[in-house]
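Asker: So I've got this file, target-v8.cif, and it contains mmCIF, C-alpha atoms:
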data_work
#
loop_
_atom_site.label_atom_id
_atom_site.label_comp_id
_atom_site.auth_asym_id
_atom_site.auth_seq_id
_atom_site.Cartn_x
_atom_site.Cartn_y
_atom_site.Cartn_z
CA MET N 14 36.22 14.26 -29.29
CA ARG N 15 36.97 17.94 -29.98
CA ILE N 16 40.71 18.38 -29.52
CA VAL N 17 42.89 21.50 -29.78
CA ILE N 18 46.50 20.89 -30.84
CA ALA N 19 48.65 23.84 -29.74
CA LYS N 20 52.18 25.13 -30.32
CA PRO N 21 53.09 27.50 -27.47
CA GLY N 22 55.93 29.98 -27.37
CA LEU N 23 58.90 30.56 -29.65
CA ASP N 24 59.06 27.24 -31.42
CA GLY N 25 58.90 27.12 -35.18
CA HIS N 26 58.76 23.37 -35.74
CA ASP N 27 55.29 21.95 -36.20
CA ARG N 28 55.75 18.89 -38.39
CA GLY N 29 55.14 16.73 -35.32
CA ALA N 30 52.00 18.64 -34.31
CA LYS N 31 50.64 18.29 -37.86
CA VAL N 32 51.36 14.56 -37.96
CA ILE N 33 49.50 14.16 -34.65
CA ALA N 34 46.61 16.31 -35.90
CA ARG N 35 46.26 14.07 -38.96
CA ALA N 36 46.50 10.88 -36.91
CA LEU N 37 43.76 12.10 -34.56
CA ARG N 38 41.60 13.04 -37.53
CA ALA N 39 42.10 9.56 -38.97
CA GLY N 40 40.99 8.24 -35.58
CA GLY N 41 37.66 10.04 -36.00
CA HIS N 42 38.34 13.12 -33.85
CA ASP N 43 37.67 16.77 -34.69
CA VAL N 44 41.02 18.54 -34.46
CA ILE N 45 41.59 22.28 -34.26
CA TYR N 46 45.20 23.32 -34.84
CA THR N 47 46.20 26.71 -33.38
CA GLY N 48 49.19 27.42 -35.62
CA LEU N 49 52.66 28.42 -34.39
CA ARG N 50 53.86 30.67 -31.58
CA LYS N 51 50.75 31.07 -29.48
CA ARG N 52 50.84 32.64 -26.03
CA PRO N 53 49.53 30.51 -23.14
CA LYS N 54 46.54 32.85 -22.70
CA GLU N 55 45.75 32.65 -26.43
CA ILE N 56 45.73 28.86 -26.22
CA VAL N 57 43.37 29.02 -23.22
CA ARG N 58 41.03 31.31 -25.16
CA ILE N 59 41.01 28.96 -28.17
CA VAL N 60 40.21 25.94 -25.97
CA SER N 61 37.40 27.94 -24.35
CA ASP N 62 35.85 29.39 -27.54
CA GLU N 63 36.05 26.07 -29.37
CA ASP N 64 34.66 24.27 -26.29
CA ALA N 65 37.29 21.55 -26.74
CA GLU N 66 37.35 18.48 -24.50
CA ALA N 67 41.09 17.95 -24.79
CA LEU N 68 44.24 19.99 -25.42
CA GLY N 69 47.44 18.53 -26.87
CA ILE N 70 50.52 20.73 -26.41
CA SER N 71 53.52 20.20 -28.68
CA THR N 72 56.83 21.74 -27.64
CA LEU N 73 60.37 21.24 -28.85
CA SER N 74 61.93 24.46 -27.60
CA GLY N 75 62.91 23.35 -24.10
CA ALA N 76 60.49 25.83 -22.48
CA HIS N 77 57.99 23.15 -21.48
CA LYS N 78 58.56 23.63 -17.72
CA THR N 79 57.47 27.26 -18.02
CA LEU N 80 54.83 27.19 -20.75
CA ILE N 81 52.88 24.04 -19.93
CA PRO N 82 52.18 24.93 -16.24
CA LEU N 83 51.15 28.46 -17.36
CA ILE N 84 48.60 26.95 -19.75
CA CYS N 85 47.35 24.50 -17.09
CA ASP N 86 46.88 27.35 -14.58
CA GLY N 87 45.17 29.45 -17.25
CA LEU N 88 42.68 26.66 -17.94
CA ARG N 89 41.86 26.30 -14.24
CA ASP N 90 41.58 30.07 -13.74
CA ASN N 91 39.02 30.16 -16.55
CA SER N 92 36.94 27.30 -15.08
CA LEU N 93 37.96 24.95 -17.88
CA ASN N 94 38.39 22.20 -15.27
CA GLN N 95 37.07 19.36 -17.42
CA VAL N 96 39.62 19.82 -20.21
CA VAL N 97 42.10 16.93 -20.52
CA VAL N 98 45.69 18.06 -21.20
CA PHE N 99 48.38 15.96 -22.85
CA ALA N 100 51.79 16.93 -24.19
CA GLY N 101 54.38 15.81 -26.68
CA GLY N 102 57.69 16.75 -28.28
CA ILE N 103 61.07 16.90 -26.60
CA ILE N 104 60.33 16.57 -22.90
CA PRO N 105 63.10 14.81 -20.94
CA GLU N 106 62.13 12.05 -18.52
CA ARG N 107 63.43 14.07 -15.54
CA ASP N 108 60.93 16.91 -16.18
CA ARG N 109 57.86 14.73 -16.54
CA ALA N 110 56.87 14.22 -12.89
CA GLU N 111 56.62 17.99 -12.47
CA LEU N 112 54.33 18.32 -15.50
CA PHE N 113 52.11 15.43 -14.37
CA GLU N 114 51.93 17.31 -11.05
CA SER N 115 50.53 20.40 -12.84
CA GLY N 116 47.75 18.29 -14.33
CA VAL N 117 49.14 16.91 -17.61
CA ARG N 118 47.63 13.43 -18.12
CA ALA N 119 50.05 12.01 -20.71
CA ILE N 120 53.39 12.85 -22.28
CA PHE N 121 54.37 11.36 -25.63
CA GLY N 122 57.97 11.53 -26.75
CA PRO N 123 59.76 10.73 -30.02
CA GLY N 124 59.00 7.26 -31.37
CA THR N 125 55.44 7.20 -30.00
CA LYS N 126 53.01 5.30 -32.22
CA SER N 127 49.95 7.34 -33.13
CA SER N 128 47.86 4.37 -32.01
CA SER N 129 49.01 4.89 -28.40
CA ILE N 130 47.70 8.46 -28.46
CA LEU N 131 44.37 7.17 -29.75
CA ASP N 132 44.40 4.51 -27.00
CA PHE N 133 45.02 7.25 -24.44
CA LEU N 134 42.02 9.23 -25.76
CA ASP N 135 39.87 6.09 -25.61
CA SER N 136 40.87 5.58 -21.98
CA ILE N 137 39.92 9.23 -21.31
CA GLY N 138 36.49 8.50 -22.75
CA ASN N 139 36.15 5.44 -20.48
CA ARG N 140 37.24 7.34 -17.39
CA LYS N 141 34.71 10.09 -18.13
CA GLU N 142 31.94 7.51 -18.56
CA ASN N 143 32.80 6.03 -15.18
CA ASP N 144 32.85 9.51 -13.58
CA GLU N 145 36.55 9.14 -12.75
CA PRO N 146 38.32 12.53 -12.54
CA VAL N 147 40.59 13.23 -15.50
CA GLY N 148 40.21 16.96 -16.33
CA ILE N 149 42.86 19.55 -15.54
CA GLY N 150 41.00 20.93 -12.53
CA GLU N 151 39.37 17.78 -11.22
CA GLY N 152 42.02 17.03 -8.60
CA SER N 153 43.17 13.69 -9.99
CA ARG N 154 46.77 12.50 -9.86
CA TRP N 155 46.22 9.83 -12.50
CA HIS N 156 48.30 9.87 -15.66
CA TRP N 157 48.66 7.63 -18.70
CA GLY N 158 51.23 4.81 -18.46
CA GLU N 159 51.23 4.92 -14.68
CA MET H 4 17.96 40.55 -20.82
CA ASN H 5 14.40 39.22 -21.07
CA LEU H 6 14.76 35.57 -22.01
CA LEU H 7 11.10 34.96 -22.67
CA GLY H 8 11.07 37.63 -25.34
CA LEU H 9 13.91 35.90 -27.20
CA VAL H 10 13.19 32.22 -26.91
CA ARG H 11 10.33 30.49 -28.63
CA GLY H 12 9.30 27.95 -26.00
CA LEU H 13 11.49 26.69 -23.18
CA ASP H 14 9.93 23.22 -23.00
CA GLY H 15 12.46 20.44 -22.75
CA ILE H 16 15.27 22.77 -21.66
CA GLY H 17 16.86 22.15 -18.26
CA VAL H 18 17.14 24.85 -15.57
CA ASN H 19 20.95 24.80 -15.81
CA ASP H 20 20.82 25.33 -19.55
CA ILE H 21 18.47 28.29 -19.17
CA GLU H 22 20.95 29.79 -16.70
CA LEU H 23 23.77 29.14 -19.18
CA LEU H 24 21.77 30.77 -21.98
CA SER H 25 21.08 33.78 -19.83
CA GLN H 26 24.82 34.19 -19.05
CA ALA H 27 25.71 33.78 -22.71
CA LEU H 28 23.24 36.50 -23.68
CA ASP H 29 24.73 38.74 -20.99
CA GLY H 30 28.09 38.50 -22.75
CA ASP H 31 29.88 35.69 -20.88
CA ARG H 32 32.17 34.18 -23.48
CA ARG H 33 32.64 30.77 -21.88
CA SER H 34 28.85 30.31 -21.52
CA LEU H 35 28.46 31.29 -25.16
CA ALA H 36 30.96 28.60 -26.23
CA LYS H 37 29.17 25.94 -24.15
CA MET H 38 25.76 27.05 -25.40
CA ILE H 39 26.90 26.66 -29.01
CA SER H 40 27.94 23.06 -28.25
CA LEU H 41 24.52 22.39 -26.73
CA ILE H 42 22.75 23.84 -29.76
CA GLU H 43 24.96 21.81 -32.12
CA SER H 44 24.16 18.64 -30.19
CA GLY H 45 20.45 19.25 -30.70
CA GLU H 46 19.23 21.23 -27.67
CA PRO H 47 15.79 22.50 -28.71
CA ILE H 48 16.43 26.21 -28.26
CA ASN H 49 14.82 28.40 -30.89
CA LEU H 50 15.98 31.98 -30.56
CA GLN H 51 14.35 34.94 -32.27
CA LYS H 52 16.31 36.62 -35.00
CA PRO H 53 17.11 40.17 -33.81
CA SER H 54 16.46 43.07 -36.18
CA ASN H 55 20.15 44.07 -36.23
CA ASN H 56 21.25 40.54 -37.23
CA TRP H 57 24.13 40.92 -39.73
CA THR H 58 25.52 37.88 -41.55
CA LEU H 59 28.02 37.37 -44.35
CA GLY H 60 28.75 34.03 -46.01
CA VAL H 61 32.19 33.52 -47.53
CA THR H 62 32.83 30.74 -50.00
CA GLY H 63 35.11 29.88 -52.93
CA PRO H 64 37.45 27.11 -54.07
CA PRO H 65 40.01 25.65 -51.64
CA GLY H 66 43.31 27.52 -51.39
CA VAL H 67 42.25 30.97 -52.64
CA GLY H 68 42.82 32.60 -49.24
CA LYS H 69 39.32 32.83 -47.77
CA SER H 70 40.40 32.41 -44.14
CA THR H 71 43.30 34.85 -44.46
CA LEU H 72 41.02 37.39 -46.13
CA ILE H 73 38.42 36.99 -43.37
CA GLY H 74 41.19 37.60 -40.82
CA ARG H 75 42.03 40.88 -42.59
CA MET H 76 38.38 41.92 -42.79
CA ALA H 77 37.97 41.15 -39.08
CA GLU H 78 40.98 43.39 -38.29
CA TYR H 79 39.33 46.25 -40.18
CA TRP H 80 36.01 45.75 -38.38
CA VAL H 81 37.62 45.46 -34.94
CA LYS H 82 39.40 48.80 -35.50
CA ARG H 83 35.98 50.33 -36.08
CA GLY H 84 34.68 48.91 -32.80
CA GLU H 85 32.70 45.98 -34.19
CA LYS H 86 32.53 42.55 -32.56
CA VAL H 87 33.15 39.84 -35.14
CA ALA H 88 32.05 36.21 -34.81
CA ILE H 89 33.34 33.71 -37.36
CA LEU H 90 31.80 30.28 -37.93
CA ALA H 91 34.39 28.27 -39.85
CA ILE H 92 33.00 25.12 -41.44
CA ASP H 93 35.43 22.49 -42.72
CA PRO H 94 34.60 19.19 -44.33
CA SER H 95 35.13 15.99 -42.40
CA SER H 96 36.91 12.90 -43.65
CA PRO H 97 34.49 10.56 -45.39
CA PHE H 98 36.57 7.64 -44.06
CA SER H 99 37.04 8.30 -40.35
CA GLY H 100 34.40 10.98 -39.74
CA GLY H 101 37.18 13.02 -38.13
CA SER H 102 38.18 16.48 -39.25
CA LEU H 103 41.09 18.89 -39.26
CA LEU H 104 39.70 22.34 -38.62
CA ALA H 105 42.49 24.61 -39.76
CA ASP H 106 40.74 27.81 -40.85
CA ARG H 107 41.51 29.45 -37.52
CA LEU H 108 45.25 29.27 -37.92
CA ARG H 109 45.10 31.16 -41.21
CA MET H 110 43.15 34.01 -39.65
CA GLY H 111 46.28 35.11 -37.81
CA ASP H 112 46.60 36.91 -34.49
CA ILE H 113 43.18 38.52 -34.79
CA GLY H 114 41.78 35.09 -33.89
CA THR H 115 42.47 35.59 -30.20
CA ASN H 116 41.45 39.27 -30.03
CA LYS H 117 38.76 39.86 -27.41
CA SER H 118 36.49 41.35 -30.07
CA VAL H 119 36.71 38.26 -32.28
CA PHE H 120 35.06 34.92 -31.60
CA ILE H 121 35.96 32.01 -33.88
CA ARG H 122 34.18 28.68 -33.73
CA SER H 123 35.10 25.75 -35.99
CA PHE H 124 32.53 23.22 -37.17
CA SER H 125 32.98 19.94 -38.94
CA SER H 126 30.39 19.23 -41.62
CA ASN H 127 30.19 15.53 -40.75
CA ASN H 128 26.87 13.82 -40.19
CA TYR H 129 24.96 16.49 -42.05
CA PRO H 130 23.77 14.80 -45.22
CA GLY H 131 22.89 17.23 -47.99
CA GLY H 132 24.75 20.02 -46.20
CA PHE H 133 21.79 20.79 -43.97
CA MET H 134 23.10 22.04 -40.62
CA PRO H 135 19.80 22.96 -38.97
CA PHE H 136 21.44 24.29 -35.79
CA LEU H 137 23.37 27.02 -37.63
CA GLU H 138 20.45 29.40 -37.70
CA ASN H 139 20.13 29.20 -33.91
CA VAL H 140 23.88 29.61 -33.41
CA ILE H 141 23.71 32.76 -35.56
CA ASN H 142 20.72 34.09 -33.60
CA LEU H 143 22.49 33.35 -30.30
CA LEU H 144 25.62 35.25 -31.39
CA SER H 145 23.55 38.11 -32.69
CA ASN H 146 21.52 38.36 -29.48
CA SER H 147 24.77 38.25 -27.46
CA GLY H 148 26.12 41.40 -29.05
CA TRP H 149 28.23 40.06 -31.92
CA SER H 150 27.64 42.70 -34.59
CA LYS H 151 29.22 40.98 -37.60
CA ILE H 152 28.72 37.26 -38.14
CA ILE H 153 30.75 35.53 -40.84
CA ILE H 154 30.17 31.98 -42.04
CA GLU H 155 33.06 30.46 -43.95
CA THR H 156 32.90 27.25 -45.93
CA VAL H 157 34.81 25.45 -48.65
CA GLY H 158 32.93 25.95 -51.91
CA SER H 159 33.81 22.54 -53.23
CA GLY H 160 30.39 21.01 -53.76
CA GLN H 161 26.67 21.56 -53.76
CA SER H 162 26.28 20.80 -50.07
CA GLU H 163 29.01 23.29 -49.18
CA ILE H 164 27.23 25.98 -51.15
CA ARG H 165 24.02 25.23 -49.28
CA ILE H 166 25.58 25.95 -45.91
CA ILE H 167 26.32 29.45 -47.08
CA ALA H 168 22.63 30.01 -47.76
CA TYR H 169 22.20 30.75 -44.04
CA ALA H 170 23.86 34.13 -44.59
CA ASP H 171 22.06 37.31 -45.67
CA ARG H 172 24.86 38.35 -48.02
CA ILE H 173 27.48 36.29 -49.80
CA LEU H 174 31.08 36.96 -50.77
CA LEU H 175 32.66 34.66 -53.31
CA VAL H 176 36.48 34.50 -53.31
CA ASP H 177 38.70 33.29 -56.16
CA GLY H 178 42.42 33.48 -56.88
CA PRO H 179 44.48 34.56 -59.87
CA ASP H 180 44.89 32.15 -62.79
CA ARG H 181 42.02 30.03 -61.63
CA GLY H 182 38.71 31.14 -63.05
CA ASP H 183 37.28 28.26 -61.05
CA ILE H 184 34.23 30.27 -60.11
CA ILE H 185 33.27 30.59 -63.77
CA GLN H 186 33.60 26.81 -64.03
CA ALA H 187 31.48 26.56 -60.94
CA GLU H 188 28.64 28.50 -62.51
CA LYS H 189 26.75 25.29 -63.13
CA ALA H 190 26.71 24.60 -59.39
CA GLY H 191 24.84 27.86 -58.84
CA ILE H 192 27.57 29.60 -56.83
CA LEU H 193 27.63 32.69 -58.98
CA GLU H 194 23.95 33.46 -58.78
CA LEU H 195 24.18 33.33 -54.99
CA ALA H 196 27.02 35.85 -54.72
CA ASP H 197 26.45 39.53 -53.87
CA VAL H 198 30.11 40.43 -54.34
CA ILE H 199 33.20 38.70 -55.69
CA ALA H 200 36.81 39.14 -54.53
CA ILE H 201 39.77 38.06 -56.61
CA ASN H 202 42.32 37.52 -53.86
CA LYS H 203 46.14 37.33 -53.99
CA ALA H 204 46.29 40.62 -55.94
CA ASP H 205 49.95 40.71 -54.95
CA LEU H 206 50.55 37.96 -57.55
CA PRO H 207 50.64 38.54 -61.31
CA ASN H 208 47.54 37.96 -63.46
CA THR H 209 44.97 38.96 -60.85
CA LYS H 210 43.70 41.87 -62.97
CA LYS H 211 43.33 39.61 -65.98
CA THR H 212 41.36 37.07 -63.91
CA ALA H 213 39.13 39.89 -62.62
CA SER H 214 38.29 41.05 -66.15
CA LEU H 215 37.57 37.46 -67.26
CA VAL H 216 35.20 37.05 -64.32
CA ARG H 217 33.55 40.42 -65.08
CA GLU H 218 33.08 39.41 -68.72
CA GLY H 219 31.61 36.08 -67.66
CA LEU H 220 29.16 37.82 -65.33
CA GLU H 221 27.97 40.30 -67.95
CA LEU H 222 26.55 37.39 -69.94
CA GLY H 223 24.02 36.65 -67.22
CA ASP H 224 20.51 38.11 -66.94
CA ASN H 225 20.80 39.50 -63.42
CA PRO H 226 22.68 42.68 -62.50
CA ALA H 227 26.30 41.58 -62.08
CA PRO H 228 27.92 41.66 -58.61
CA GLU H 229 30.97 43.89 -58.20
CA VAL H 230 34.37 42.23 -58.64
CA HIS H 231 37.04 43.46 -56.18
CA LEU H 232 40.79 42.88 -56.18
CA THR H 233 42.19 42.10 -52.73
CA SER H 234 45.42 40.96 -51.17
CA ALA H 235 44.96 39.23 -47.83
CA LEU H 236 48.77 39.17 -47.66
CA ASN H 237 49.32 42.95 -47.60
CA GLY H 238 45.78 44.11 -46.91
CA SER H 239 45.24 46.04 -50.15
CA GLY H 240 41.64 46.36 -51.31
CA VAL H 241 40.24 44.95 -48.05
CA ALA H 242 38.83 48.25 -46.74
CA ASP H 243 37.05 48.95 -50.07
CA LEU H 244 35.66 45.42 -50.10
CA VAL H 245 34.29 45.71 -46.55
CA ASP H 246 32.78 49.16 -47.27
CA HIS H 247 31.07 47.79 -50.37
CA ILE H 248 29.70 44.76 -48.51
CA GLU H 249 28.26 47.07 -45.85
CA SER H 250 26.55 49.20 -48.50
CA LEU H 251 24.82 46.23 -50.16
CA ASP H 252 21.05 46.29 -50.32
CA LEU H 253 19.60 42.90 -49.56
CA ASP H 254 18.35 41.47 -52.81
CA TRP H 255 14.99 39.67 -52.65
CA ASP H 256 15.63 37.60 -55.78
CA ARG H 257 18.77 36.23 -54.15
CA LEU H 258 16.87 35.67 -50.92
CA LYS H 259 14.51 33.44 -52.87
CA ILE H 260 17.40 31.49 -54.40
CA ARG H 261 18.92 31.03 -50.95
CA ASN H 262 15.70 29.79 -49.44
CA ARG H 263 15.43 27.40 -52.35
CA GLU H 264 18.89 26.04 -51.42
CA LEU H 265 17.79 25.59 -47.81
CA LEU H 266 14.69 23.76 -48.95
CA LEU H 267 16.71 21.46 -51.20
CA ALA H 268 19.25 20.88 -48.44
CA GLN H 269 16.57 19.79 -45.99
CA TRP H 270 14.95 17.57 -48.61
CA ASP H 271 18.29 15.84 -49.41
CA SER H 272 18.99 15.50 -45.73
CA LEU H 273 15.62 13.87 -45.04
CA LEU H 274 16.00 11.46 -47.91
CA LEU H 275 19.61 10.55 -47.10
CA SER H 276 18.78 9.93 -43.46
CA HIS H 277 15.62 7.94 -44.21
CA HIS H 278 15.60 4.70 -42.21
CA GLU H 279 14.86 2.59 -45.31
CA ILE H 280 17.25 4.21 -47.79
CA GLU H 281 19.56 1.16 -47.89
CA GLN H 282 16.69 -1.23 -48.68
CA HIS H 283 15.46 1.09 -51.43
CA LEU H 284 18.93 1.32 -52.94
CA GLU H 285 19.18 -2.49 -53.00
CA LYS H 286 15.80 -2.79 -54.67
CA LEU H 287 16.82 -0.16 -57.24
CA CYS H 288 19.97 -2.19 -57.97
CA ASP H 289 18.10 -5.47 -58.49
CA GLY H 290 15.46 -3.67 -60.54
CA SER H 291 12.48 -4.58 -58.36
CA ILE H 292 11.34 -0.95 -58.01
CA THR H 293 11.68 2.25 -60.03
CA VAL H 294 13.17 5.53 -58.80
CA ALA H 295 9.70 7.09 -58.76
CA GLU H 296 8.37 4.25 -56.60
CA ALA H 297 11.29 4.59 -54.20
CA ILE H 298 10.72 8.35 -53.84
CA ASN H 299 6.99 7.90 -53.40
CA HIS H 300 7.47 5.29 -50.74
CA MET H 301 10.12 7.17 -48.77
CA SER H 302 8.41 10.56 -48.98
CA SER H 303 5.31 9.11 -47.35
CA SER H 304 7.33 8.34 -44.22
CA LEU H 305 9.84 11.17 -43.84
CA ASP H 306 10.77 12.15 -40.30
CA ILE H 307 10.41 15.88 -40.68
CA GLY H 308 10.40 16.82 -37.00
CA GLY H 309 9.23 20.21 -35.75
CA ASP H 310 5.77 21.28 -36.84
#
Step by step, read the file and then write its structure as structure tokens.

Answerer:
Amino acid sequence: MRIVIAKPGLDGHDRGAKVIARALRAGGHDVIYTGLRKRPKEIVRIVSDEDAEALGISTLSGAHKTLIPLICDGLRDNSLNQVVVFAGGIIPERDRAELFESGVRAIFGPGTKSSSILDFLDSIGNRKENDEPVGIGEGSRWHWGE
Amino acid sequence: MNLLGLVRGLDGIGVNDIELLSQALDGDRRSLAKMISLIESGEPINLQKPSNNWTLGVTGPPGVGKSTLIGRMAEYWVKRGEKVAILAIDPSSPFSGGSLLADRLRMGDIGTNKSVFIRSFSSNNYPGGFMPFLENVINLLSNSGWSKIIIETVGSGQSEIRIIAYADRILLVDGPDRGDIIQAEKAGILELADVIAINKADLPNTKKTASLVREGLELGDNPAPEVHLTSALNGSGVADLVDHIESLDLDWDRLKIRNRELLLAQWDSLLLSHHEIEQHLEKLCDGSITVAEAINHMSSSLDIGGD
């Protein structure tokens, strides 16, 4: 799968994003890392130009409730409805329902094993094969770990 | 845009894909991105090469600052009103087949400028470095109004060098205190290069490296390419480098060498993807056939495709 790993906003810590990028590579995926401090619209453009199937957003700054929905809306506005969005970093349990509501399909917090992210991506592949909606603009309410 | 004038045969291409191609050629960026994926996955679209097609290959050892330098060059071109497309090719892991395509992040903010289009490719599954779809991706970009097309690859092996042979002109980048490109002469990198940049000129010893490279080049038979000092960090030397690249006359001797690389790449690719290569390797190991016999046998049944 072609996957973009993105760091939105004013957040200078990307060790986690890099560890995830490497784990996904070891799992056989093609990973494009955006680098630090990207604007939501820049991330949308990268996903579009690279024709990625999935977008992983890493955020530790506390701005996830603002940045992640902006990116999700940007993807839908640009007809990138099939892109699967997942997130990770410091995202408190109480904020998660809201993010799932905006179309995020999985949220991975500290302590997550990289194998669970690979399992999630496998399940995405299966859902796509069975024509089950899973993209950001495909109107599904499903999320990982439900 | 007259599609029929650009495409050599539309057989086997779906109506939706023709529509997508037409939108890409009309400048729709999202359609362009999707079309590139289709071409990479083997869609049989053969586009004509337009007369204003302009390509530059950039190669050199890992870590010398190729991506950062390309970002700087793109900034300079964008200021002059050019539209720059960058094809960034990174190697894939031989173990998992996965890849980490990180050239884009080193190109800086220019990477999301509306006049810059970056697409990352992983070199996996292309034995011998033969990426047959690249030519069509280049022609698609060129026909869609991208005036400067840059192909970047890691110059770490013969197959990586071959990818660069798709470009009409080649820039070789090295860093201070390395001299790796002189070491690499055996691999044929130097004879492919039209211009050389010694990057990281903000560090000590760059001038010394440049003179060593110049001396090395003077020993060759062909007219030596110019050696430029650049700093992708502060931008010095980048404008001169770009101006020189634009003034290059295409060299027919080098064109021949490049086509030779493409030929070799396809040959390697055919051999490495031959359906009986494993059996032949086993027979070579147990001594039941000779190398010449193996080649003879496999070459009589190569799946060349096309016509």

Asker: Rounded to one decimal place, report the atom CA of Leu236 of chain H-atom CA of Leu72 of chain H distance in Å.

Answerer: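 The value is 8.1 Å.
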
Asker: Calculate how many Å separate atom CA of Ile45 of chain N from atom CA of Ile103 of chain N, rounding to one decimal.

Answerer: 21.6 Å

Asker: Determine the residue set returned by the PyMOL selection byres ((chain N and resi 85-100) around 7) for the present structure, and present it as a list in words.

Answerer: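 Applied to this file, the PyMOL selection byres ((chain N and resi 85-100) around 7) returns Lys54, Val57, Glu66, Ala67, Leu68, Gly69, Ile70, Ser71, Ile81, Pro82, Leu83, Ile84, Gly101, Ser115, Gly116, Val117, Arg118, Ala119, Ile120, Phe121, Val147, Gly148, Ile149, Gly150 and Glu151 of chain N.
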
Asker: Hey, list the chain N side of the contact with chain H: 8 Å cut-off, only C-alpha atoms, answer as a list of chain:residue names.

Answerer: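 Result: N:Ala34, N:Arg35, N:Leu37, N:Arg38, N:Ala39, N:Gly40, N:Gly41, N:His42, N:Asp43, N:Val44, N:Ile45, N:Tyr46, N:Thr47, N:Gly48, N:Glu55, N:Arg58, N:Ile59, N:Ser61, N:Asp62, N:Glu63, N:Asp64.
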
Asker: Mind writing the picked residues with C-alpha atoms as a PDB file, keeping the file's coordinate frame?

Answerer:
ATOM      1  CA  ALA N  34      46.610  16.310 -35.900  1.00  0.00           C
ATOM      2  CA  ARG N  35      46.260  14.070 -38.960  1.00  0.00           C
ATOM      3  CA  LEU N  37      43.760  12.100 -34.560  1.00  0.00           C
ATOM      4  CA  ARG N  38      41.600  13.040 -37.530  1.00  0.00           C
ATOM      5  CA  ALA N  39      42.100   9.560 -38.970  1.00  0.00           C
ATOM      6  CA  GLY N  40      40.990   8.240 -35.580  1.00  0.00           C
ATOM      7  CA  GLY N  41      37.660  10.040 -36.000  1.00  0.00           C
ATOM      8  CA  HIS N  42      38.340  13.120 -33.850  1.00  0.00           C
ATOM      9  CA  ASP N  43      37.670  16.770 -34.690  1.00  0.00           C
ATOM     10  CA  VAL N  44      41.020  18.540 -34.460  1.00  0.00           C
ATOM     11  CA  ILE N  45      41.590  22.280 -34.260  1.00  0.00           C
ATOM     12  CA  TYR N  46      45.200  23.320 -34.840  1.00  0.00           C
ATOM     13  CA  THR N  47      46.200  26.710 -33.380  1.00  0.00           C
ATOM     14  CA  GLY N  48      49.190  27.420 -35.620  1.00  0.00           C
ATOM     15  CA  GLU N  55      45.750  32.650 -26.430  1.00  0.00           C
ATOM     16  CA  ARG N  58      41.030  31.310 -25.160  1.00  0.00           C
ATOM     17  CA  ILE N  59      41.010  28.960 -28.170  1.00  0.00           C
ATOM     18  CA  SER N  61      37.400  27.940 -24.350  1.00  0.00           C
ATOM     19  CA  ASP N  62      35.850  29.390 -27.540  1.00  0.00           C
ATOM     20  CA  GLU N  63      36.050  26.070 -29.370  1.00  0.00           C
ATOM     21  CA  ASP N  64      34.660  24.270 -26.290  1.00  0.00           C
TER      22      ASP N  64
END

Asker: Which residues are close to Ser302 of chain H, i.e. within 10 Å by all atoms listed in the file, leaving aside same-chain residues fewer than 6 positions away? Reply as a PyMOL selection string.

Answerer: chain H and resi 270+273-274+277+296

Asker: Return the single residue from H:Cys288, H:Ser118, H:Ile154, H:Leu267 that is closest to Arg172 of chain H, with distances computed using all atoms listed in the file.

Answerer: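 For Arg172 of chain H, the nearest of the given residues is H:Ile154.
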
Asker: Quick one, how far is atom CA of Pro53 of chain H from atom CA of Ser145 of chain H?

Answerer: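 Atom-to-atom, atom CA of Pro53 of chain H to atom CA of Ser145 of chain H, that is 6.9 Å.
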
Asker: Leaving out Arg52 of chain N and any residue of its chain fewer than 6 positions from it, which residues lie within 9 Å of it when counting all atoms listed in the file, given as a CSV table (one decimal) with C-alpha atoms, keeping the file's coordinate frame?

Answerer:
chain,number,residue,atom,x,y,z
N,20,LYS,CA,52.2,25.1,-30.3
N,21,PRO,CA,53.1,27.5,-27.5
N,22,GLY,CA,55.9,30.0,-27.4
N,80,LEU,CA,54.8,27.2,-20.8
N,84,ILE,CA,48.6,27.0,-19.8

Asker: Hey, can I get the axis-aligned box for segment 250-260 of chain H? All listed atoms, 6 Å padding on each side, centre and edge lengths in Å to one decimal, as AutoDock Vina command-line options.

Answerer:
--center_x 20.5 --center_y 40.3 --center_z -52.1 --size_x 24.0 --size_y 29.7 --size_z 19.3

Asker: I'd like the contact shell of segment 107-109 of chain N - 8 Å cut-off, all atoms listed in the file, skipping same-chain residues fewer than 3 positions apart - returned as a PyMOL selection string.

Answerer: chain N and resi 78+104+112-113+120

Asker: Starting from the PyMOL selection byres ((chain N and resi 127) around 8), expand the selection into actual residues of this file and give them as a list in words.

Answerer: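 Applied to this file, the PyMOL selection byres ((chain N and resi 127) around 8) returns Ile33, Ala36, Leu37, Thr125, Lys126, Ser128, Ser129, Ile130 and Leu131 of chain N.
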
Asker: To verify the selection step, state as a list in words which residues the PyMOL selection byres ((chain N and resi 25) around 12) yields on this input.

Answerer: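 So the PyMOL selection byres ((chain N and resi 25) around 12), applied here, picks out Lys20, Pro21, Gly22, Leu23, Asp24, His26, Asp27, Arg28, Gly29, Ala30, Gly48, Leu49, Arg50, Lys51, Ser71, Thr72, Leu73 and Ser74 of chain N.
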
Asker: Closest to Thr209 of chain H among H:Gly238, H:Pro228, H:Gly74, H:Pro179, using all atoms listed in the file?

Answerer: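 Among the listed residues, H:Pro179 lies closest to Thr209 of chain H.
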
Asker: Select, from H:Asn142, H:Lys211, H:Glu264, H:Asp171, the residue with the minimum atom-to-atom distance to Leu251 of chain H, counting all atoms listed in the file.

Answerer: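 Smallest distance to Leu251 of chain H is found for H:Asp171.
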